[in-house]
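Here is the file run.cif (mmCIF, C-alpha atoms).
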data_coords
loop_
_atom_site.label_atom_id
_atom_site.label_comp_id
_atom_site.auth_asym_id
_atom_site.auth_seq_id
_atom_site.Cartn_x
_atom_site.Cartn_y
_atom_site.Cartn_z
CA MET A 212 107.26 76.58 42.61
CA GLN A 213 106.15 75.62 39.10
CA SER A 214 104.36 72.50 40.34
CA PHE A 215 102.22 74.64 42.67
CA LEU A 216 101.57 77.21 39.94
CA LYS A 217 99.91 74.48 37.88
CA ALA A 218 97.13 74.42 40.51
CA THR A 219 96.49 78.18 40.27
CA LEU A 220 92.93 78.01 38.92
CA PRO A 221 89.94 76.93 41.04
CA ALA A 222 88.68 73.38 40.55
CA ASP A 223 85.51 74.75 38.93
CA ALA A 224 87.20 77.43 36.83
CA GLN A 225 84.80 76.84 33.95
CA GLN A 226 81.91 78.11 36.11
CA ALA A 227 83.83 80.84 37.95
CA THR A 228 83.83 84.57 37.18
CA LEU A 229 87.51 85.38 37.71
CA VAL A 230 89.19 88.77 37.38
CA GLY A 231 92.79 89.76 37.95
CA ARG A 232 95.62 91.96 36.78
CA VAL A 233 98.61 91.18 34.60
CA TRP A 234 101.74 93.12 33.80
CA ILE A 235 102.25 93.70 30.07
CA GLU A 236 105.52 95.27 29.00
CA GLY A 237 104.91 98.67 27.39
CA GLN A 238 101.42 98.98 28.91
CA GLY A 239 101.76 98.35 32.65
CA PRO A 240 99.02 96.67 34.73
CA VAL A 241 96.02 95.43 32.71
CA LEU A 242 92.69 94.32 34.18
CA VAL A 243 91.73 90.87 32.88
CA ARG A 244 89.09 88.17 33.00
CA ALA A 245 90.29 84.59 33.23
CA ASP A 246 88.68 81.32 32.26
CA HIS A 247 90.17 77.82 32.13
CA GLU A 248 91.82 78.56 28.78
CA SER A 249 92.59 82.26 28.25
CA LEU A 250 92.96 85.76 29.67
CA TYR A 251 90.88 88.61 28.24
CA ASP A 252 91.45 92.38 28.39
CA LEU A 253 88.83 94.24 30.47
CA SER A 254 90.45 97.68 30.12
CA LEU A 255 87.60 99.16 28.08
CA LEU A 256 85.06 97.93 30.63
CA ALA A 257 86.88 99.40 33.64
CA PRO A 258 90.37 100.95 33.87
CA THR A 259 91.02 99.56 37.37
CA CYS A 260 89.87 96.70 39.54
CA SER A 261 88.54 99.25 42.02
CA ALA A 262 86.32 100.82 39.33
CA LEU A 263 85.00 97.41 38.25
CA MET A 264 83.82 96.64 41.79
CA GLU A 265 81.63 99.76 41.71
CA PHE A 266 79.34 98.27 39.02
CA PRO A 267 75.88 97.31 40.36
CA ASP A 268 76.68 93.68 39.45
CA PRO A 269 80.39 93.26 38.65
CA ALA A 270 80.08 89.58 37.73
CA ALA A 271 77.29 90.24 35.21
CA ALA A 272 79.22 93.16 33.72
CA VAL A 273 82.29 90.97 33.22
CA ARG A 274 80.33 88.08 31.72
CA ASP A 275 78.47 90.35 29.27
CA PHE A 276 81.55 92.26 28.07
CA LYS A 277 83.13 90.98 24.84
CA ALA A 278 86.77 91.31 25.85
CA PRO A 279 89.65 90.69 23.43
CA ARG A 280 91.92 87.73 24.22
CA ILE A 281 95.41 88.47 25.55
CA ALA A 282 97.09 85.09 26.00
CA ALA A 283 96.69 81.50 27.11
CA VAL A 284 96.11 81.44 30.85
CA ALA A 285 98.55 78.52 31.31
CA ASP A 286 101.37 80.52 29.68
CA VAL A 287 100.77 83.56 31.88
CA ILE A 288 100.59 81.44 35.05
CA ALA A 289 103.84 79.66 34.15
CA ASN A 290 105.52 83.03 33.53
CA SER A 291 104.42 84.36 36.93
CA GLY A 292 107.06 82.46 38.89
CA ALA A 293 109.78 84.83 40.10
CA ASP A 294 112.41 82.32 38.99
CA ALA A 295 111.11 81.87 35.43
CA ARG A 296 109.84 85.25 34.24
CA VAL A 297 110.22 86.36 30.61
CA ASP A 298 109.43 90.03 29.94
CA GLU A 299 107.75 89.39 26.58
CA THR A 300 105.03 87.28 28.22
CA PRO A 301 102.50 88.79 30.68
CA TRP A 302 102.59 87.70 34.32
CA LEU A 303 100.08 87.86 37.15
CA LEU A 304 100.00 90.72 39.64
CA ALA A 305 97.92 91.02 42.80
CA PRO A 306 94.33 91.34 41.51
CA CYS A 307 93.48 94.48 43.53
CA ASP A 308 94.83 97.97 42.82
CA LEU A 309 93.43 101.20 44.32
CA GLN A 310 91.64 99.48 47.20
CA ALA A 311 92.82 99.96 50.77
CA VAL A 312 94.46 96.76 52.04
CA LYS A 313 92.97 96.04 55.47
CA ALA A 314 93.16 93.05 57.77
CA SER A 315 91.24 91.68 60.72
CA GLY A 316 93.22 89.96 63.44
CA VAL A 317 92.61 87.46 66.22
CA THR A 318 89.45 86.07 64.61
CA PHE A 319 90.12 82.39 65.42
CA VAL A 320 90.56 80.80 68.83
CA ALA A 321 93.70 78.87 67.86
CA SER A 322 95.56 81.94 66.62
CA MET A 323 94.19 84.03 69.51
CA LEU A 324 95.82 81.69 72.03
CA GLU A 325 99.11 81.81 70.11
CA ARG A 326 99.03 85.62 70.15
CA VAL A 327 98.54 85.57 73.92
CA ILE A 328 101.46 83.15 74.16
CA GLU A 329 103.83 85.24 72.02
CA GLU A 330 102.87 88.31 74.10
CA GLN A 331 103.56 86.50 77.38
CA ALA A 332 106.84 85.16 75.95
CA ARG A 333 107.83 88.71 74.92
CA GLY A 334 108.55 87.53 71.39
CA ASN A 335 111.09 84.91 72.50
CA PRO A 336 110.40 81.58 70.71
CA ALA A 337 112.48 79.63 73.26
CA LEU A 338 109.95 80.51 75.99
CA ALA A 339 106.83 79.80 73.94
CA GLU A 340 106.26 76.15 74.89
CA ALA A 341 106.44 76.76 78.64
CA VAL A 342 104.14 79.78 78.37
CA ARG A 343 101.73 77.80 76.15
CA LYS A 344 101.30 75.13 78.85
CA GLU A 345 100.73 77.76 81.54
CA VAL A 346 98.15 79.73 79.55
CA VAL A 347 96.19 76.65 78.41
CA ALA A 348 96.15 75.33 81.99
CA VAL A 349 94.32 78.47 83.10
CA ILE A 350 91.99 79.35 80.21
CA GLY A 351 91.81 76.03 78.30
CA ASP A 352 92.24 75.60 74.58
CA ASP A 353 88.60 75.89 73.48
CA LEU A 354 87.04 79.34 73.59
CA SER A 355 84.93 78.68 70.49
CA ARG A 356 81.68 78.79 72.43
CA VAL A 357 82.40 82.30 73.70
CA ARG A 358 80.68 84.78 71.39
CA PRO A 359 82.63 88.05 71.01
CA GLY A 360 80.99 90.88 72.92
CA SER A 361 78.57 88.58 74.81
CA PRO A 362 77.86 88.63 78.57
CA GLU A 363 79.79 85.33 78.80
CA ALA A 364 82.81 87.02 77.26
CA ALA A 365 82.55 89.89 79.74
CA GLN A 366 82.44 87.41 82.63
CA LEU A 367 85.49 85.57 81.30
CA LYS A 368 87.32 88.88 81.13
CA LYS A 369 86.65 89.48 84.82
CA VAL A 370 88.02 86.05 85.72
CA LEU A 371 91.18 86.50 83.66
CA LEU A 372 91.80 89.99 85.00
CA ALA A 373 91.69 88.57 88.51
CA LYS A 374 94.34 86.00 87.49
CA ASN A 375 96.45 88.68 85.77
CA LEU A 376 96.10 86.86 82.43
CA TRP A 377 93.97 89.29 80.44
CA SER A 378 95.58 90.25 77.14
CA GLN A 379 95.17 92.82 74.40
CA TYR A 380 94.64 89.84 72.06
CA LEU A 381 91.79 88.45 74.15
CA GLU A 382 90.30 91.95 74.18
CA VAL A 383 89.86 91.97 70.40
CA GLY A 384 89.30 88.21 70.15
CA ILE A 385 86.26 87.98 72.43
CA GLY A 386 85.55 91.64 73.24
CA PRO A 387 82.94 93.80 71.45
CA ASP A 388 85.38 95.49 69.03
CA ALA A 389 87.19 93.61 66.26
CA GLU A 390 90.80 94.34 65.40
CA ILE A 391 91.00 96.01 61.97
CA PHE A 392 94.37 97.31 60.82
CA THR A 393 96.04 98.49 57.64
CA LYS A 394 98.14 95.66 56.25
CA SER A 395 99.86 97.54 53.44
CA GLN A 396 99.39 100.34 50.92
CA PRO A 397 97.39 100.22 47.67
CA LEU A 398 99.46 98.62 44.85
CA SER A 399 102.09 97.26 47.27
CA ALA A 400 100.75 93.67 47.43
CA VAL A 401 102.48 91.04 45.31
CA GLY A 402 100.71 88.37 43.28
CA THR A 403 101.09 84.65 42.90
CA GLY A 404 104.54 83.44 41.91
CA ALA A 405 106.28 86.49 43.38
CA GLU A 406 108.70 86.52 46.29
CA ILE A 407 107.29 87.43 49.70
CA GLY A 408 109.35 89.30 52.27
CA ILE A 409 110.30 88.87 55.92
CA HIS A 410 112.28 91.51 57.78
CA PRO A 411 115.99 90.52 57.82
CA LYS A 412 116.17 90.98 61.62
CA SER A 413 113.23 88.67 62.34
CA GLU A 414 114.04 85.26 63.86
CA TRP A 415 110.44 84.09 64.56
CA ASN A 416 107.92 84.54 61.77
CA ASN A 417 105.26 82.65 59.85
CA PRO A 418 102.85 82.71 56.93
CA GLU A 419 99.18 83.44 57.59
CA PRO A 420 96.84 81.79 55.04
CA GLU A 421 93.64 83.79 54.77
CA ILE A 422 90.60 84.45 52.64
CA VAL A 423 90.41 88.07 51.51
CA LEU A 424 87.06 89.74 50.85
CA VAL A 425 86.68 92.38 48.14
CA VAL A 426 84.43 95.26 49.21
CA ASN A 427 83.34 98.28 47.18
CA SER A 428 82.92 101.86 48.39
CA ARG A 429 79.27 101.18 49.35
CA GLY A 430 80.34 98.46 51.76
CA GLU A 431 79.07 95.67 49.49
CA THR A 432 81.12 92.48 49.49
CA VAL A 433 81.38 91.50 45.82
CA GLY A 434 84.09 88.83 45.70
CA ALA A 435 86.86 86.92 47.41
CA THR A 436 90.45 85.82 46.87
CA LEU A 437 93.35 84.36 48.86
CA GLY A 438 96.02 86.14 50.86
CA ASN A 439 99.20 85.60 52.85
CA ASP A 440 99.43 88.06 55.74
CA VAL A 441 103.13 87.44 56.41
CA ASN A 442 103.76 88.00 60.11
CA LEU A 443 106.78 88.57 62.38
CA ARG A 444 105.93 86.93 65.69
CA ASP A 445 109.03 88.21 67.48
CA PHE A 446 108.42 91.88 66.56
CA GLU A 447 104.72 91.82 67.44
CA GLY A 448 105.35 89.77 70.58
CA ARG A 449 107.83 92.33 71.89
CA SER A 450 105.25 95.10 71.63
CA ALA A 451 101.87 95.64 70.01
CA LEU A 452 103.17 99.04 68.96
CA LEU A 453 105.47 97.20 66.53
CA LEU A 454 102.47 95.83 64.60
CA GLY A 455 103.28 98.06 61.62
CA LYS A 456 106.85 96.77 61.51
CA ALA A 457 105.65 93.19 61.99
CA LYS A 458 103.12 93.40 59.17
CA ASP A 459 104.11 96.03 56.59
CA ASN A 460 107.47 95.35 54.95
CA ASN A 461 108.49 95.16 51.32
CA ALA A 462 106.55 92.30 49.65
CA SER A 463 105.09 91.12 52.97
CA CYS A 464 101.54 91.05 51.56
CA ALA A 465 100.55 88.51 48.89
CA ILE A 466 97.07 88.45 47.31
CA GLY A 467 95.73 86.29 44.49
CA PRO A 468 95.71 84.55 42.18
CA PHE A 469 92.35 85.98 41.01
CA ILE A 470 89.31 87.61 42.54
CA ARG A 471 86.32 85.33 42.25
CA LEU A 472 83.29 87.57 41.86
CA PHE A 473 80.08 86.66 43.64
CA ASP A 474 77.41 85.25 41.34
CA ALA A 475 74.87 82.41 41.26
CA GLN A 476 77.68 79.82 41.51
CA PHE A 477 79.69 81.37 44.36
CA GLY A 478 78.88 83.75 47.20
CA ILE A 479 79.39 84.60 50.85
CA ALA A 480 77.81 81.32 51.96
CA ASP A 481 80.62 79.48 50.16
CA VAL A 482 83.21 81.68 51.87
CA ARG A 483 81.75 80.79 55.27
CA GLN A 484 82.25 77.09 54.51
CA ALA A 485 85.70 77.35 52.93
CA ASP A 486 88.62 75.22 54.09
CA LEU A 487 92.10 76.52 53.35
CA ALA A 488 95.09 74.24 53.00
CA MET A 489 98.67 75.44 53.28
CA LYS A 490 101.99 73.78 52.55
CA VAL A 491 105.48 75.10 53.25
CA VAL A 492 108.39 73.40 51.50
CA GLY A 493 111.86 74.45 52.62
CA PRO A 494 115.10 74.42 50.63
CA GLU A 495 116.54 71.85 53.08
CA GLY A 496 113.61 69.45 52.56
CA PHE A 497 111.51 70.63 55.51
CA GLN A 498 107.75 70.34 54.95
CA MET A 499 104.84 71.65 56.95
CA ASP A 500 101.13 71.35 56.26
CA GLY A 501 98.45 73.48 57.83
CA ALA A 502 94.79 74.29 57.50
CA SER A 503 92.36 77.06 58.33
CA SER A 504 88.60 76.55 58.25
CA LEU A 505 86.27 79.53 57.95
CA LYS A 506 83.62 77.44 59.69
CA LEU A 507 85.55 78.03 62.93
CA ILE A 508 85.84 81.82 62.67
CA SER A 509 84.72 83.68 65.80
CA ARG A 510 83.08 86.59 63.97
CA ASP A 511 81.04 86.31 60.78
CA PRO A 512 82.91 87.62 57.70
CA LEU A 513 80.25 90.24 56.97
CA ASP A 514 80.36 91.36 60.61
CA LEU A 515 84.08 92.01 60.11
CA VAL A 516 83.28 94.02 56.98
CA GLY A 517 80.90 96.10 59.11
CA HIS A 518 83.74 96.84 61.54
CA ALA A 519 86.01 97.89 58.65
CA ILE A 520 83.71 100.18 56.62
CA GLY A 521 80.70 102.23 57.68
CA PRO A 522 79.72 105.64 59.06
CA ASN A 523 83.11 106.04 60.76
CA HIS A 524 85.33 104.57 58.01
CA GLN A 525 84.84 105.38 54.34
CA TYR A 526 86.91 104.02 51.44
CA PRO A 527 86.01 105.73 48.15
CA ASP A 528 88.10 103.21 46.18
CA GLY A 529 86.85 100.24 48.20
CA LEU A 530 88.94 97.85 50.24
CA VAL A 531 90.16 94.29 50.44
CA LEU A 532 89.88 92.69 53.88
CA PHE A 533 91.93 89.78 55.20
CA LEU A 534 89.66 87.69 57.47
CA GLY A 535 92.35 86.34 59.79
CA THR A 536 93.66 82.82 60.23
CA MET A 537 93.40 79.95 62.69
CA PHE A 538 96.86 78.77 61.58
CA ALA A 539 99.64 79.49 64.08
CA PRO A 540 102.44 76.96 63.52
CA THR A 541 104.13 75.28 66.48
CA GLN A 542 105.99 72.53 64.59
CA ASP A 543 109.67 72.55 65.55
CA ARG A 544 112.04 73.32 62.69
CA PHE A 545 115.50 74.32 63.88
CA GLY A 546 115.51 72.83 67.38
CA PRO A 547 113.30 71.29 70.09
CA GLY A 548 110.85 73.74 71.59
CA GLN A 549 111.69 76.51 69.12
CA GLY A 550 108.60 76.11 66.96
CA PHE A 551 108.42 77.19 63.35
CA THR A 552 110.06 80.07 61.57
CA HIS A 553 110.67 80.75 57.88
CA ALA A 554 113.92 80.16 56.03
CA VAL A 555 114.93 82.01 52.89
CA GLY A 556 113.86 79.90 49.94
CA ASP A 557 110.69 78.48 51.52
CA VAL A 558 107.85 77.99 49.05
CA VAL A 559 104.42 78.69 50.55
CA ALA A 560 101.25 77.48 48.80
CA ILE A 561 97.78 78.47 50.05
CA SER A 562 94.82 76.85 48.36
CA THR A 563 91.11 76.18 48.48
CA GLN A 564 88.92 74.40 45.94
CA ARG A 565 86.82 77.40 44.91
CA LEU A 566 89.56 80.08 44.83
CA GLY A 567 92.59 78.22 43.51
CA THR A 568 96.18 78.43 44.77
CA LEU A 569 98.37 81.35 45.83
CA VAL A 570 102.06 80.42 45.82
CA ASN A 571 105.10 82.50 46.81
CA ARG A 572 108.76 82.04 47.68
CA VAL A 573 110.27 83.58 50.84
CA ASN A 574 113.16 86.02 50.85
CA THR A 575 114.19 88.90 53.11
CA SER A 576 112.51 92.20 52.31
CA ASP A 577 115.81 93.99 51.66
CA ARG A 578 116.75 91.47 48.94
CA ILE A 579 113.47 91.55 47.04
CA GLU A 580 113.03 94.07 44.26
CA PRO A 581 111.90 97.33 45.95
CA TRP A 582 108.31 98.50 45.52
CA ARG A 583 108.50 101.35 43.00
CA TYR A 584 105.24 101.20 41.04
CA GLY A 585 102.78 103.39 42.93
CA LEU A 586 99.64 105.41 42.27
CA GLY A 587 101.43 108.09 40.26
CA ALA A 588 102.92 105.52 37.90
CA LEU A 589 99.54 103.84 37.44
CA MET A 590 97.85 107.14 36.63
CA ARG A 591 100.53 107.96 34.07
CA ASP A 592 100.15 104.57 32.38
CA LEU A 593 96.35 104.80 32.28
CA ALA A 594 96.53 108.31 30.84
CA ARG A 595 99.03 107.18 28.21
CA ARG A 596 96.66 104.39 27.22
CA ARG A 597 93.76 106.93 27.18
CA LEU A 598 91.80 105.01 29.80
CA LEU A 599 91.24 107.89 32.22
#

The structure in this file should be written as structure tokens.
Amino acid sequence: MQSFLKATLPADAQQATLVGRVWIEGQGPVLVRADHESLYDLSLLAPTCSALMEFPDPAAAVRDFKAPRIAAVADVIANSGADARVDETPWLLAPCDLQAVKASGVTFVASMLERVIEEQARGNPALAEAVRKEVVAVIGDDLSRVRPGSPEAAQLKKVLLAKNLWSQYLEVGIGPDAEIFTKSQPLSAVGTGAEIGIHPKSEWNNPEPEIVLVVNSRGETVGATLGNDVNLRDFEGRSALLLGKAKDNNASCAIGPFIRLFDAQFGIADVRQADLAMKVVGPEGFQMDGASSLKLISRDPLDLVGHAIGPNHQYPDGLVLFLGTMFAPTQDRFGPGQGFTHAVGDVVAISTQRLGTLVNRVNTSDRIEPWRYGLGALMRDLARRRLL
């Protein structure tokens, strides 16, 4: 894991406006700014990440604030690995705090087809390959020209209904309404270096490398970071009503390493062009590489924000929004035709040039330290530090 942690910062960290959160023993979570050398305390600018995003121009506010130095950024990154943590040195947390953690699903054609396949296979990985061939033979493997909600999409729906192949996943993938769901609770996401969790009863699961937008209470997108929307394909494939159990387990949401605030050097146009790389390295020597390109997303990122927050959905503390992934692994791992699933001890690294690298190690959710630090604990720590 340490080798991946060395790539935490973006390639252009010297030009980036980066904010995050670190745990400091005796204080609790502390809002920080990061550059290529050091971390700086932003507590007197804003007590929480959520509050910082409410500034008219968060990036300018961070750049103009003379924040005291906390530590060398390299030391804090090295101490963030779950297998090398020393309490006396700060470590990185997920950069968001009070924001709702939301996610958009089925936003790429490749993953949309895999969702249809896992639904048709009823969550059984042994049936996936046969179902994949059948589905692709009927609807093809390129729906990228079909604009969600368009007349062409409506016509395709009629054809597929007649063939008894319409799916709830196609409904949100090319229909007028995007899928927006709650991934996890505020403060429950883990940061880079931490363990991520899969349900101990899951036998078919995968990482989901995604870009995560940071949105304030006014619906303004003010930054971006990386996320791993850990997913249980067997649970969700058995029934869409198990989405909560497939998505929201202890440590099943990773976000980080830092939020890159939008400024003159980086904005939504850069997000739209971003290419994500992902590597999984298993304890037995297994390796898998994947990629997800935002250029191939079916709905524009800001359109997804509009589906998540607006007249019908308000978030007074803002939200972070996973944009979905085109990565749905089919590489066989434990036997022919069985596809990919995680093993305990897997190291997952998600990276892109402008946002850095998010790295985590896989364990089962019941063996990872339970989530105990919630909103009440945060309020008590902020009051003790006289920041409220």

CA of Tyr584 (chain A) sits from CA of Val312 (chain A) at a separation of 16.0 Å

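From CA of Val433 (chain A) back to CA of Ala311 (chain A), the distance works out to 15.1 Å.
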
Pick from A:Val243, A:Ile520, A:Leu304, A:Ala282, whichever lies nearest to Ser399 (chain A) using all atoms listed in the file: A:Leu304

Can you give me, as a VMD selection string, the residues this file yields under the PyMOL selection byres ((chain A and resi 539-546) around 10)? chain A and resid 321 to 326 336 to 337 339 to 340 416 to 420 444 497 to 503 536 to 538 547 to 554

Name the residues captured by the PyMOL selection byres ((chain A and resi 269) around 12) when it is applied to the shown file; answer as a ChimeraX atom specification. /A:228-230,244,253,256-257,260-268,270-276,425-427,431-434,470-474

Taking 5 positions as the minimum chain separation for residues in the same chain, which residues sit within 10 Å of Lys458 (chain A) when counting all atoms listed in the file? Answer as an NGL selection string. :A and (392-395 or 409-410 or 440-444 or 446-447 or 453 or 463-464)

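In terms of minimum interatomic distance to Leu220 (chain A), A:Thr403 ranks closest within A:Thr403, A:Ser361, A:Val317, A:Pro387, counting only C-alpha atoms.
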
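Going from CA of Val284 (chain A) over to CA of Ala400 (chain A), you cover 21.1 Å.
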
On this structure, which residues satisfy the PyMOL selection byres ((chain A and resi 579) around 8), written as a count of residues only? 12

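Closest approach to Leu566 (chain A) among A:Ala245, A:Ala314, A:Val383, A:Ala435: A:Ala435, based on all atoms listed in the file.
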
Taking only C-alpha atoms into account, name the residue in A:Ala560, A:Val555, A:Val482, A:Ala465 that is nearest to Pro306 (chain A). A:Ala465

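Shortest separation to Lys506 (chain A) among A:Arg483, A:Arg572, A:Lys217, A:Lys412 occurs at residue A:Arg483, atoms counted being all atoms listed in the file.
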
Excluding Asp223 (chain A) and residues on its chain fewer than 5 positions from it, collect all residues at most 9 Å away from it, counting only C-alpha atoms, and give them as a list in words. His247, Gln564, Arg565 and Leu566 of chain A

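With only C-alpha atoms as the atoms that count, the residue of A:Lys344, A:His524, A:Arg510, A:Arg358 with the shortest distance to Ser428 (chain A) is A:His524.
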
Taking all atoms of region 458-477 of chain A that the file lists and extending 5 Å past them on each side, where is the centre of the axis-aligned box and how long are its edges? Answer in Å to one decimal, as JSON.
{"center_x": 91.7, "center_y": 87.9, "center_z": 50.1, "size_x": 43.6, "size_y": 26.2, "size_z": 28.2}
